[in-house]
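Student: Following this line is final-v1.pdb, made up of PDB, C-alpha atoms:
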```pdb
ATOM      1  CA  MET B   7      -8.790  -7.147 -58.203
ATOM      2  CA  ARG B   8     -11.844  -5.037 -57.795
ATOM      3  CA  GLU B   9     -12.487  -2.951 -54.688
ATOM      4  CA  GLY B  10     -13.289  -5.280 -51.772
ATOM      5  CA  GLU B  11     -12.687  -8.438 -53.823
ATOM      6  CA  SER B  12     -10.605 -11.253 -52.305
ATOM      7  CA  PRO B  13      -7.822 -12.837 -54.368
ATOM      8  CA  GLU B  14      -9.851 -16.071 -54.527
ATOM      9  CA  LYS B  15     -12.987 -14.331 -55.824
ATOM     10  CA  ALA B  16     -10.941 -12.278 -58.297
ATOM     11  CA  ALA B  17      -9.245 -15.433 -59.614
ATOM     12  CA  ARG B  18     -12.569 -17.191 -60.132
ATOM     13  CA  ARG B  19     -14.104 -14.142 -61.829
ATOM     14  CA  GLU B  20     -11.090 -13.712 -64.122
ATOM     15  CA  ALA B  21     -10.970 -17.428 -64.966
ATOM     16  CA  GLU B  22     -14.669 -17.558 -65.786
ATOM     17  CA  GLU B  23     -14.351 -14.426 -67.959
ATOM     18  CA  GLU B  24     -11.519 -16.081 -69.893
ATOM     19  CA  ILE B  25     -12.508 -19.775 -70.097
ATOM     20  CA  GLY B  26     -16.161 -20.092 -69.019
ATOM     21  CA  PRO B  27     -17.910 -21.688 -66.042
ATOM     22  CA  ILE B  28     -15.758 -23.590 -63.547
ATOM     23  CA  PRO B  29     -17.214 -26.548 -61.631
ATOM     24  CA  THR B  30     -17.061 -26.913 -57.863
ATOM     25  CA  TYR B  31     -13.476 -26.852 -56.609
ATOM     26  CA  GLN B  32     -11.264 -26.907 -53.523
ATOM     27  CA  ILE B  33      -8.394 -24.434 -53.198
ATOM     28  CA  ALA B  34      -5.147 -26.431 -53.219
ATOM     29  CA  GLY B  35      -2.685 -23.567 -52.824
ATOM     30  CA  ILE B  36      -2.128 -19.825 -52.953
ATOM     31  CA  ASP B  37       1.143 -18.137 -53.898
ATOM     32  CA  VAL B  38       1.657 -14.369 -53.856
ATOM     33  CA  GLN B  39       4.514 -12.674 -55.698
ATOM     34  CA  ASP B  40       5.329  -9.064 -54.849
ATOM     35  CA  CYS B  41       5.927  -7.293 -58.157
ATOM     36  CA  GLY B  42       6.764  -3.935 -56.549
ATOM     37  CA  ALA B  43       5.020  -0.567 -56.816
ATOM     38  CA  GLY B  44       1.992  -1.987 -54.978
ATOM     39  CA  TRP B  45       1.357  -4.774 -57.502
ATOM     40  CA  LYS B  46       1.033  -8.417 -56.496
ATOM     41  CA  PHE B  47       0.640 -11.509 -58.668
ATOM     42  CA  HIS B  48      -1.586 -14.188 -57.094
ATOM     43  CA  ILE B  49      -1.500 -17.814 -58.239
ATOM     44  CA  ILE B  50      -4.354 -19.878 -56.901
ATOM     45  CA  THR B  51      -4.333 -23.590 -57.684
ATOM     46  CA  VAL B  52      -7.495 -25.631 -57.269
ATOM     47  CA  ASP B  53      -8.579 -29.247 -57.408
ATOM     48  CA  VAL B  54     -11.711 -29.961 -59.465
ATOM     49  CA  ASP B  55     -13.751 -33.160 -59.353
ATOM     50  CA  HIS B  56     -13.588 -33.647 -63.121
ATOM     51  CA  MET B  57     -12.069 -32.174 -66.263
ATOM     52  CA  PHE B  58     -14.341 -29.638 -67.914
ATOM     53  CA  ASP B  59     -14.597 -27.953 -71.298
ATOM     54  CA  ALA B  60     -13.234 -24.440 -71.576
ATOM     55  CA  PHE B  61     -13.417 -21.860 -74.330
ATOM     56  CA  CYS B  62     -11.093 -19.069 -75.442
ATOM     57  CA  VAL B  63     -11.879 -15.386 -75.504
ATOM     58  CA  ARG B  64      -9.734 -12.450 -76.640
ATOM     59  CA  GLU B  65      -7.354 -12.723 -73.654
ATOM     60  CA  THR B  66      -6.820 -16.479 -73.984
ATOM     61  CA  ASP B  67      -4.802 -18.117 -76.760
ATOM     62  CA  ALA B  68      -5.620 -21.727 -75.858
ATOM     63  CA  THR B  69      -6.921 -23.936 -73.068
ATOM     64  CA  GLY B  70      -6.159 -27.517 -72.174
ATOM     65  CA  TRP B  71      -5.292 -30.066 -69.521
ATOM     66  CA  PHE B  72      -1.573 -30.613 -69.029
ATOM     67  CA  THR B  73       0.668 -32.721 -66.849
ATOM     68  CA  TRP B  74       3.168 -30.991 -64.566
ATOM     69  CA  GLU B  75       5.939 -31.878 -67.017
ATOM     70  CA  GLU B  76       4.007 -30.595 -70.057
ATOM     71  CA  MET B  77       3.385 -27.265 -68.322
ATOM     72  CA  HIS B  78       7.144 -26.623 -68.327
ATOM     73  CA  THR B  79       7.109 -26.583 -72.152
ATOM     74  CA  LEU B  80       4.309 -24.020 -72.564
ATOM     75  CA  PRO B  81       4.629 -20.278 -73.242
ATOM     76  CA  LEU B  82       3.291 -18.830 -69.985
ATOM     77  CA  HIS B  83       2.742 -15.512 -68.231
ATOM     78  CA  PRO B  84       6.090 -14.491 -66.667
ATOM     79  CA  GLY B  85       4.721 -14.603 -63.112
ATOM     80  CA  PHE B  86       3.293 -18.075 -63.621
ATOM     81  CA  ARG B  87       6.525 -19.204 -65.308
ATOM     82  CA  LYS B  88       8.521 -18.033 -62.255
ATOM     83  CA  TRP B  89       6.190 -19.920 -59.909
ATOM     84  CA  LEU B  90       6.396 -23.043 -62.059
ATOM     85  CA  ASP B  91      10.186 -22.896 -62.395
ATOM     86  CA  ASP B  92      10.843 -22.259 -58.685
ATOM     87  CA  ASP B  93      12.025 -25.302 -56.759
ATOM     88  CA  GLN B  94       8.812 -27.296 -56.358
ATOM     89  CA  SER B  95       9.926 -30.443 -54.566
ATOM     90  CA  ASP B  96       6.283 -31.416 -54.054
ATOM     91  CA  PRO B  97       4.278 -30.164 -57.082
ATOM     92  CA  PRO B  98       0.580 -29.496 -56.554
ATOM     93  CA  ASN B  99      -1.895 -32.218 -57.407
ATOM     94  CA  LEU B 100      -2.707 -30.942 -60.893
ATOM     95  CA  ALA B 101      -5.038 -32.869 -63.195
ATOM     96  CA  GLY B 102      -3.077 -35.459 -65.120
ATOM     97  CA  ASN B 103      -0.138 -35.398 -62.688
TER
END
```
Would you encode the structure as structure tokens?

Tutor:
Amino acid sequence: MREGESPEKAARREAEEEIGPIPTYQIAGIDVQDCGAGWKFHIITVDVDHMFDAFCVRETDATGWFTWEEMHTLPLHPGFRKWLDDDQSDPPNLAGN
């Protein structure tokens, strides 16, 4: 995050740098993982009104819309994998779920 930037604003900025413009959304959930040494990993899930096209840049291998079950089969960032694999008795309302 940049100086003075909220986790939500940082997430939107990072997402738009990596996949392009994001339509209007509502924040559905925020999870913070303490990685130690002053580092934190923020996962912010959002609900969008409609699926949108995304593009890949140098930091992104692929984009797509996946069901909750399909997400478990993807190669993911370790922090996101931990969040996904934790006991989620009530998974978020992700597109396609």

Student: Measure the distance from CA of Glu75 in chain B to CA of Lys88 in chain B in Å and round it to one decimal.

Tutor: 14.9 Å

Student: Rank B:Arg8, B:His78, B:Arg87, B:Arg18 by their smallest atom-to-atom distance to Thr51 in chain B, using only C-alpha atoms, and report the top residue only.

Tutor: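 So, comparing all the options, the nearest one is B:Arg18.
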
Student: Written as a PyMOL selection string, which residues does the PyMOL selection byres ((chain B and resi 55) around 8) give for the file shown?

Tutor: chain B and resi 29-31+53-54+56-57

Student: Take the residues just selected and output them with C-alpha atoms as a CSV table (one decimal), in the coordinates of the input.

Tutor:
```
chain,number,residue,atom,x,y,z
B,29,PRO,CA,-17.2,-26.5,-61.6
B,30,THR,CA,-17.1,-26.9,-57.9
B,31,TYR,CA,-13.5,-26.9,-56.6
B,53,ASP,CA,-8.6,-29.2,-57.4
B,54,VAL,CA,-11.7,-30.0,-59.5
B,56,HIS,CA,-13.6,-33.6,-63.1
B,57,MET,CA,-12.1,-32.2,-66.3
```

Student: Expanded to explicit residues, what is the PyMOL selection byres ((chain B and resi 34-45) around 10) for this file, as a list of chain:residue names?

Tutor: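 This file gives the following for the PyMOL selection byres ((chain B and resi 34-45) around 10): B:Pro13, B:Glu14, B:Tyr31, B:Gln32, B:Ile33, B:Lys46, B:Phe47, B:His48, B:Ile49, B:Ile50, B:Thr51, B:Val52, B:Asp53, B:Val54, B:Gly85, B:Phe86, B:Lys88, B:Trp89, B:Pro98, B:Asn99, B:Leu100.
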
Student: Counting all atoms listed in the file, figure out which residue out of B:Leu90, B:Met7, B:Met77, B:Cys62 gets nearest to Glu23 in chain B.

Tutor: B:Cys62

Student: Which distance in Å separates CA of Pro81 in chain B and CA of Thr69 in chain B, to one decimal?

Tutor: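 Distance between the two atoms: 12.1 Å.
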
Student: Do you have the CA of Ile25 in chain B-CA of Thr79 in chain B distance handy?

Tutor: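 CA of Thr79 in chain B lies 20.9 Å from CA of Ile25 in chain B.
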
Student: Box for range 84-91 of chain B - axis-aligned, 4 Å on each of the six sides, all listed atoms - centre and size in Å to one decimal, as AutoDock Vina command-line options.

Tutor:
```
--center_x 6.7 --center_y -18.8 --center_z -63.3 --size_x 14.9 --size_y 16.6 --size_z 14.8
```

Student: Any idea what's packed within 12 Å of Gly70 in chain B, counting only C-alpha atoms, ignoring anything in its chain fewer than 2 positions away? Could you give it as a VMD selection string?

Tutor: chain B and resid 25 57 to 62 66 to 68 72 to 73 76 to 77 80 101 to 102

Student: Would you output that residue set with C-alpha atoms, as an mmCIF file, in the frame of the given file?

Tutor:
```cif
data_model
loop_
_atom_site.group_PDB
_atom_site.id
_atom_site.type_symbol
_atom_site.label_atom_id
_atom_site.label_comp_id
_atom_site.auth_asym_id
_atom_site.auth_seq_id
_atom_site.Cartn_x
_atom_site.Cartn_y
_atom_site.Cartn_z
ATOM 1 C CA ILE B 25 -12.508 -19.775 -70.097
ATOM 2 C CA MET B 57 -12.069 -32.174 -66.263
ATOM 3 C CA PHE B 58 -14.341 -29.638 -67.914
ATOM 4 C CA ASP B 59 -14.597 -27.953 -71.298
ATOM 5 C CA ALA B 60 -13.234 -24.440 -71.576
ATOM 6 C CA PHE B 61 -13.417 -21.860 -74.330
ATOM 7 C CA CYS B 62 -11.093 -19.069 -75.442
ATOM 8 C CA THR B 66 -6.820 -16.479 -73.984
ATOM 9 C CA ASP B 67 -4.802 -18.117 -76.760
ATOM 10 C CA ALA B 68 -5.620 -21.727 -75.858
ATOM 11 C CA PHE B 72 -1.573 -30.613 -69.029
ATOM 12 C CA THR B 73 0.668 -32.721 -66.849
ATOM 13 C CA GLU B 76 4.007 -30.595 -70.057
ATOM 14 C CA MET B 77 3.385 -27.265 -68.322
ATOM 15 C CA LEU B 80 4.309 -24.020 -72.564
ATOM 16 C CA ALA B 101 -5.038 -32.869 -63.195
ATOM 17 C CA GLY B 102 -3.077 -35.459 -65.120
#
```
